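A.B. asks: A single structure is presented below for examination.
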Amino acid sequence: MQAQSISDLMQTLGLQAKKASAHMACAGAATKNRALRHLAQLLRDNAPALQAANAIDLARASSADLSAPLMGRLQLGLQDIETVALGCEQLAAMPDVIGAVSGLRQQPSGIHVGQMRVPIGVFGMIYESRPNVTIEAASLSIKSGNACILRGGSEAIESNRALAALVQQALLYAGLPPDAVQLVPTTDREAVGHLIAMPQFVDVIIPRGGKSLIARISAEAKVPVIKHLDGNCHVYVDDPCDLAMAVRIADNAKTQKYSPCNAAEGLLVARGVAAAFLPQIAAIYAAKGVEMRCDEVAAGLLQTHAAIKSVAKITQASEQDWYEEYLAPIISIKVVAGLDEAIAHINQYSSHHTDAIVTSQHMHAQRFLREVDSASVMVNASTRFADGFEYGLGAEIGISTDKFHARGPVGIEGLTCQKWVVLGQGELRGATEQGVDA
């Protein structure tokens with residue numbers, strides 16, 4: 001394609017999405033839920049065809065020597081299809097937040113003032129590898145009354161085309177505009193540059209992928225971006241705490257799965273419990289092949305245990321390790337004086353994604369919740385719970401570490417905004433009333 005034709009294509013997609021968003025904003029809950037339930041059925045009925053399309057992507061990726069982890073993300077198995085189908089049904093069963101009015105209160109003038117939740121309008125989604133994101137984004141867009149333009153990775157183009165076609169069938173079935181969910185049909189990267197620079201059509205961009213992709217989108221976008229660049233999450237083991245619980249949480253947060261952004265990358269341990277706790281967790285990490293990058297105190301404690309020292313990979317942590325998102329069987333470990341140092345370390349080095357404390361001291365838990373500046377803050381729970389499904393959101397379109405407009409897992413409400421509504425009975429503003437005129 002020539003540059004001009006891609007420009008025209010993206011302008012067309014943008015215009016169609018904008019028109020469709022007006023219809024979606026007016027759609028009733030029953031209509032949107034009908035589309036979602038039909039989409040779930042279409043996914044199950046067309047599983048063989050979806051897997052055939054996915055096989056083309058997998059074969060191409062294998063020929064291009066795509067890494068094993070990326071091949072795993074690209075695969076669309078029967079369980080993956082069932083999972084996204086269930087997600088559609090779960091969203092359909094959730095209450096519709098669109099049109100809900102909150103905080104309605106009467107003012108001295110007699111008017112009633114409140115806020116109504118409404119769709120954002122049109123969002124652009126840019127993502128890599130995982131074709132299931134096509135359905136996650138589309139289903140959340142439908143439920144929240146938005147329109148969306150999806151740009152998946154070139155490695156998943158056949159899978160994404162097949163999935164997007166089913167979404168449009170479901171929209172038509174429910175009497176909704178098929179242009180409410182559109183997939184960018186070209187793999188040319190120039191399309192991304194146009195998508196993130198169309199404020200006349202697109203209200204927000206949501207990138208979901210590697211740090212380099214998100215950094216580029218954030219730097220070049222001319223519309224707001226909901227993003228997180230990395231997930232440097234921490235578990236802090238406090239003094240006092242239930243040591244057995246702390247071992248279970250530190251193990252799960254790190255080793256249940258290494259690649260998600262909510263996996264723990266840093267382990268902080270209060271000095272008072274370090275000698276009892278560290279050998280226990282180090283034995284588990286060593287058995288699972290986790291490299292431990294320790295400060296001098298932690299390394300010194302572990303190296304006194306001959307059995308651990310002989311099997312564990314213990315190295316000296318550098319300053320950069322405190323900032324690092326490994327997404328691998330590696331964890332940084334630091335012994336801290338106590339709660340104050342733990343909070344200061346997290347606020348300095350973390351990516352403000354998810355951080356947890358394991359403690360039996362109520363006041364320590366309350367301080368941690370108040371003072372740690374992260375999107376999700378946890379007490380006596382694994383960081384792996386930082387997920388839209390686990391939070392009861394039905395699904396998520398991503399995680400945001402921004403403070404505006406959404407923070408943490410972005411579900412239905414994260415794809416909406418609020419507008420002020422004023423209800424009156426003929427009230428007029430008097431010349432003597434206080435206030436600042438616009």
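Chain labels run A, B, ... following the order of the structure tokens; each chain numbers its residues from 1, and ligands are numbered from 1 in the order shown.
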For A:Arg117, list every protein, DNA or RNA residue within 12 Å, evaluated using only C-alpha atoms, and leave out those in the same chain fewer than 2 positions away; present the list as a list of chain:residue names.
C.D. replies: A:Ala25, A:Asp96, A:Val97, A:Ile98, A:Gly99, A:Ala100, A:Val101, A:Ser102, A:Gly103, A:Gly114, A:Gln115, A:Pro119, A:Ile120, A:Ser144, A:Gly145, A:Ile412, A:Glu413, A:Gly414, A:Leu415, A:Thr416, A:Cys417, A:Gln418, A:Lys419, A:Trp420, A:Val421
A.B. asks: Can you tell me, as a list in words, what residues are no more than 7 Å from A:Ser376 when counting only C-alpha atoms, ignoring any on the same chain fewer than 4 positions away?
C.D. replies: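 Answer for this query is His353, Thr354, Asp355, Ala386 and Gly408 of chain A.
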A.B. asks: The selected residues should be written to file as a compact mmCIF listing (two decimals), in the first residue's frame (atoms: N, CA and C atoms).
C.D. replies:
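Okay, this is what ended up in selection26.txt:
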# COMPACT_ATOMS: atom_id res chain seq x y z
N HIS A 353 2.78 -0.14 40.07
CA HIS A 353 1.78 -1.07 39.55
C HIS A 353 1.07 -1.76 40.71
N THR A 354 1.75 -2.71 41.39
CA THR A 354 1.15 -3.47 42.49
C THR A 354 2.21 -3.79 43.53
N ASP A 355 1.91 -3.52 44.79
CA ASP A 355 2.84 -3.82 45.88
C ASP A 355 2.05 -4.34 47.07
N ALA A 386 -3.68 -8.83 41.07
CA ALA A 386 -3.92 -7.54 40.41
C ALA A 386 -4.37 -7.79 38.97
N GLY A 408 -5.01 1.20 37.74
CA GLY A 408 -5.16 -0.22 38.04
C GLY A 408 -5.83 -0.94 36.88
A.B. asks: Would you list, as number ranges by chain, the residues of stretch 247-397 of chain A that end up in strand (DSSP E or B) under DSSP run on this structure's backbone?
C.D. replies: A: 264-270, 291-294, 314-316, 330-336, 354-358, 376-379
A.B. asks: Limited to N, CA, C and O atoms, could you put the picked residues into a file as a CSV table (one decimal), in the first residue's frame?
C.D. replies:
chain,number,residue,atom,x,y,z
A,264,ALA,N,5.8,-10.6,41.2
A,264,ALA,CA,6.7,-9.9,42.0
A,264,ALA,C,8.1,-9.9,41.4
A,264,ALA,O,8.6,-11.0,41.1
A,265,GLU,N,8.7,-8.8,41.4
A,265,GLU,CA,10.1,-8.7,40.9
A,265,GLU,C,11.1,-8.3,42.1
A,265,GLU,O,12.3,-8.5,42.0
A,266,GLY,N,10.5,-7.8,43.2
A,266,GLY,CA,11.3,-7.4,44.3
A,266,GLY,C,10.8,-8.0,45.6
A,266,GLY,O,9.5,-8.0,45.8
A,267,LEU,N,11.6,-8.4,46.5
A,267,LEU,CA,11.2,-9.0,47.8
A,267,LEU,C,12.0,-8.2,48.9
A,267,LEU,O,13.2,-8.1,48.9
A,268,LEU,N,11.2,-7.5,49.7
A,268,LEU,CA,11.8,-6.7,50.8
A,268,LEU,C,11.4,-7.5,52.1
A,268,LEU,O,10.3,-7.9,52.3
A,269,VAL,N,12.4,-7.6,53.0
A,269,VAL,CA,12.2,-8.4,54.2
A,269,VAL,C,12.7,-7.5,55.4
A,269,VAL,O,13.8,-7.0,55.4
A,270,ALA,N,11.8,-7.4,56.4
A,270,ALA,CA,12.2,-6.7,57.6
A,270,ALA,C,13.3,-7.4,58.4
A,270,ALA,O,13.3,-8.6,58.5
A,291,GLU,N,16.8,-17.2,40.2
A,291,GLU,CA,18.0,-16.5,40.6
A,291,GLU,C,17.7,-15.4,41.6
A,291,GLU,O,16.7,-14.6,41.4
A,292,MET,N,18.5,-15.3,42.7
A,292,MET,CA,18.2,-14.3,43.7
A,292,MET,C,19.3,-13.3,43.7
A,292,MET,O,20.5,-13.6,44.0
A,293,ARG,N,19.0,-12.0,43.4
A,293,ARG,CA,19.9,-10.9,43.4
A,293,ARG,C,19.8,-10.1,44.7
A,293,ARG,O,18.8,-9.4,44.8
A,294,CYS,N,20.7,-10.3,45.6
A,294,CYS,CA,20.5,-9.9,47.0
A,294,CYS,C,21.4,-8.7,47.3
A,294,CYS,O,22.5,-8.6,46.7
A,314,ILE,N,22.8,-17.3,43.9
A,314,ILE,CA,22.7,-16.0,44.7
A,314,ILE,C,23.8,-15.1,44.1
A,314,ILE,O,25.0,-15.4,44.1
A,315,THR,N,23.4,-13.9,43.7
A,315,THR,CA,24.3,-12.9,43.1
A,315,THR,C,24.1,-11.6,43.8
A,315,THR,O,23.1,-11.4,44.5
A,316,GLN,N,25.1,-10.7,43.6
A,316,GLN,CA,25.0,-9.4,44.2
A,316,GLN,C,24.1,-8.5,43.4
A,316,GLN,O,24.3,-8.3,42.2
A,330,ILE,N,13.9,-14.5,38.1
A,330,ILE,CA,14.9,-13.7,38.8
A,330,ILE,C,14.1,-12.8,39.8
A,330,ILE,O,13.1,-12.3,39.4
A,331,ILE,N,14.7,-12.6,41.0
A,331,ILE,CA,14.0,-11.7,41.9
A,331,ILE,C,15.1,-10.9,42.7
A,331,ILE,O,16.2,-11.5,43.0
A,332,SER,N,14.9,-9.7,42.9
A,332,SER,CA,15.8,-8.9,43.8
A,332,SER,C,15.3,-9.0,45.2
A,332,SER,O,14.1,-9.0,45.5
A,333,ILE,N,16.3,-9.1,46.2
A,333,ILE,CA,16.0,-9.3,47.6
A,333,ILE,C,16.8,-8.3,48.4
A,333,ILE,O,18.0,-8.2,48.2
A,334,LYS,N,16.1,-7.6,49.3
A,334,LYS,CA,16.7,-6.6,50.1
A,334,LYS,C,16.2,-6.7,51.6
A,334,LYS,O,15.0,-6.8,51.8
A,335,VAL,N,17.1,-6.6,52.5
A,335,VAL,CA,16.7,-6.6,53.9
A,335,VAL,C,16.6,-5.1,54.3
A,335,VAL,O,17.5,-4.3,54.1
A,336,VAL,N,15.5,-4.7,54.9
A,336,VAL,CA,15.2,-3.3,55.3
A,336,VAL,C,15.0,-3.3,56.8
A,336,VAL,O,14.7,-4.2,57.4
A,354,THR,N,1.8,-2.7,41.4
A,354,THR,CA,1.1,-3.5,42.5
A,354,THR,C,2.2,-3.8,43.5
A,354,THR,O,3.3,-4.3,43.2
A,355,ASP,N,1.9,-3.5,44.8
A,355,ASP,CA,2.8,-3.8,45.9
A,355,ASP,C,2.0,-4.3,47.1
A,355,ASP,O,0.9,-3.9,47.3
A,356,ALA,N,2.7,-5.3,47.8
A,356,ALA,CA,2.0,-6.0,48.8
A,356,ALA,C,2.8,-6.1,50.1
A,356,ALA,O,4.0,-6.1,50.1
A,357,ILE,N,2.1,-6.1,51.2
A,357,ILE,CA,2.7,-6.2,52.6
A,357,ILE,C,2.2,-7.5,53.2
A,357,ILE,O,1.0,-7.8,53.1
A,358,VAL,N,3.0,-8.3,53.8
A,358,VAL,CA,2.6,-9.4,54.7
A,358,VAL,C,2.9,-9.0,56.1
A,358,VAL,O,4.0,-8.8,56.5
A,376,SER,N,-2.3,-0.6,42.7
A,376,SER,CA,-2.9,-1.6,43.6
A,376,SER,C,-2.0,-1.8,44.8
A,376,SER,O,-0.8,-2.0,44.6
A,377,VAL,N,-2.6,-1.8,46.0
A,377,VAL,CA,-1.8,-2.0,47.2
A,377,VAL,C,-2.5,-3.1,48.0
A,377,VAL,O,-3.7,-3.0,48.2
A,378,MET,N,-1.8,-4.1,48.4
A,378,MET,CA,-2.4,-5.3,49.0
A,378,MET,C,-1.9,-5.6,50.4
A,378,MET,O,-0.7,-5.3,50.7
A,379,VAL,N,-2.7,-6.2,51.2
A,379,VAL,CA,-2.3,-6.7,52.5
A,379,VAL,C,-2.6,-8.2,52.6
A,379,VAL,O,-3.7,-8.7,52.3
A.B. asks: List as a ChimeraX atom specification the protein and nucleic acid residues near stretch 208-219 of chain A, meaning an atom at most 12 Å away when only C-alpha atoms are counted, but skip any in the same chain fewer than 5 places from it.
C.D. replies: /A:70,73,124-131,133-134,136-137,150-153,189,192-197,224-231,259-261,325,327,396-400,402,410
A.B. asks: Point out the residue among A:Ala317, A:Lys403, A:Cys233, A:Arg429 with the least atom-to-atom distance to A:Ile346, counting only C-alpha atoms.
C.D. replies: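 The shortest atom-to-atom distance to A:Ile346 comes from A:Cys233.
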A.B. asks: Taking 5 positions as the minimum chain separation for residues in the same chain, which residues sit within 9 Å of A:Ala162 when counting only C-alpha atoms? Answer as a count of residues only.
C.D. replies: 5
A.B. asks: Please run DSSP on the backbone and report, as a ChimeraX atom specification, all residues within stretch 52-164 of chain A that come out as alpha helix (DSSP H).
C.D. replies: /A:52-63,68-74,78-93,132-143,157-164
A.B. asks: Rank A:Ile284, A:Ile142, A:Met198, A:Leu423 by their smallest atom-to-atom distance to A:His112, using only C-alpha atoms, and report the top residue only.
C.D. replies: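 The closest residue to A:His112 is A:Leu423.
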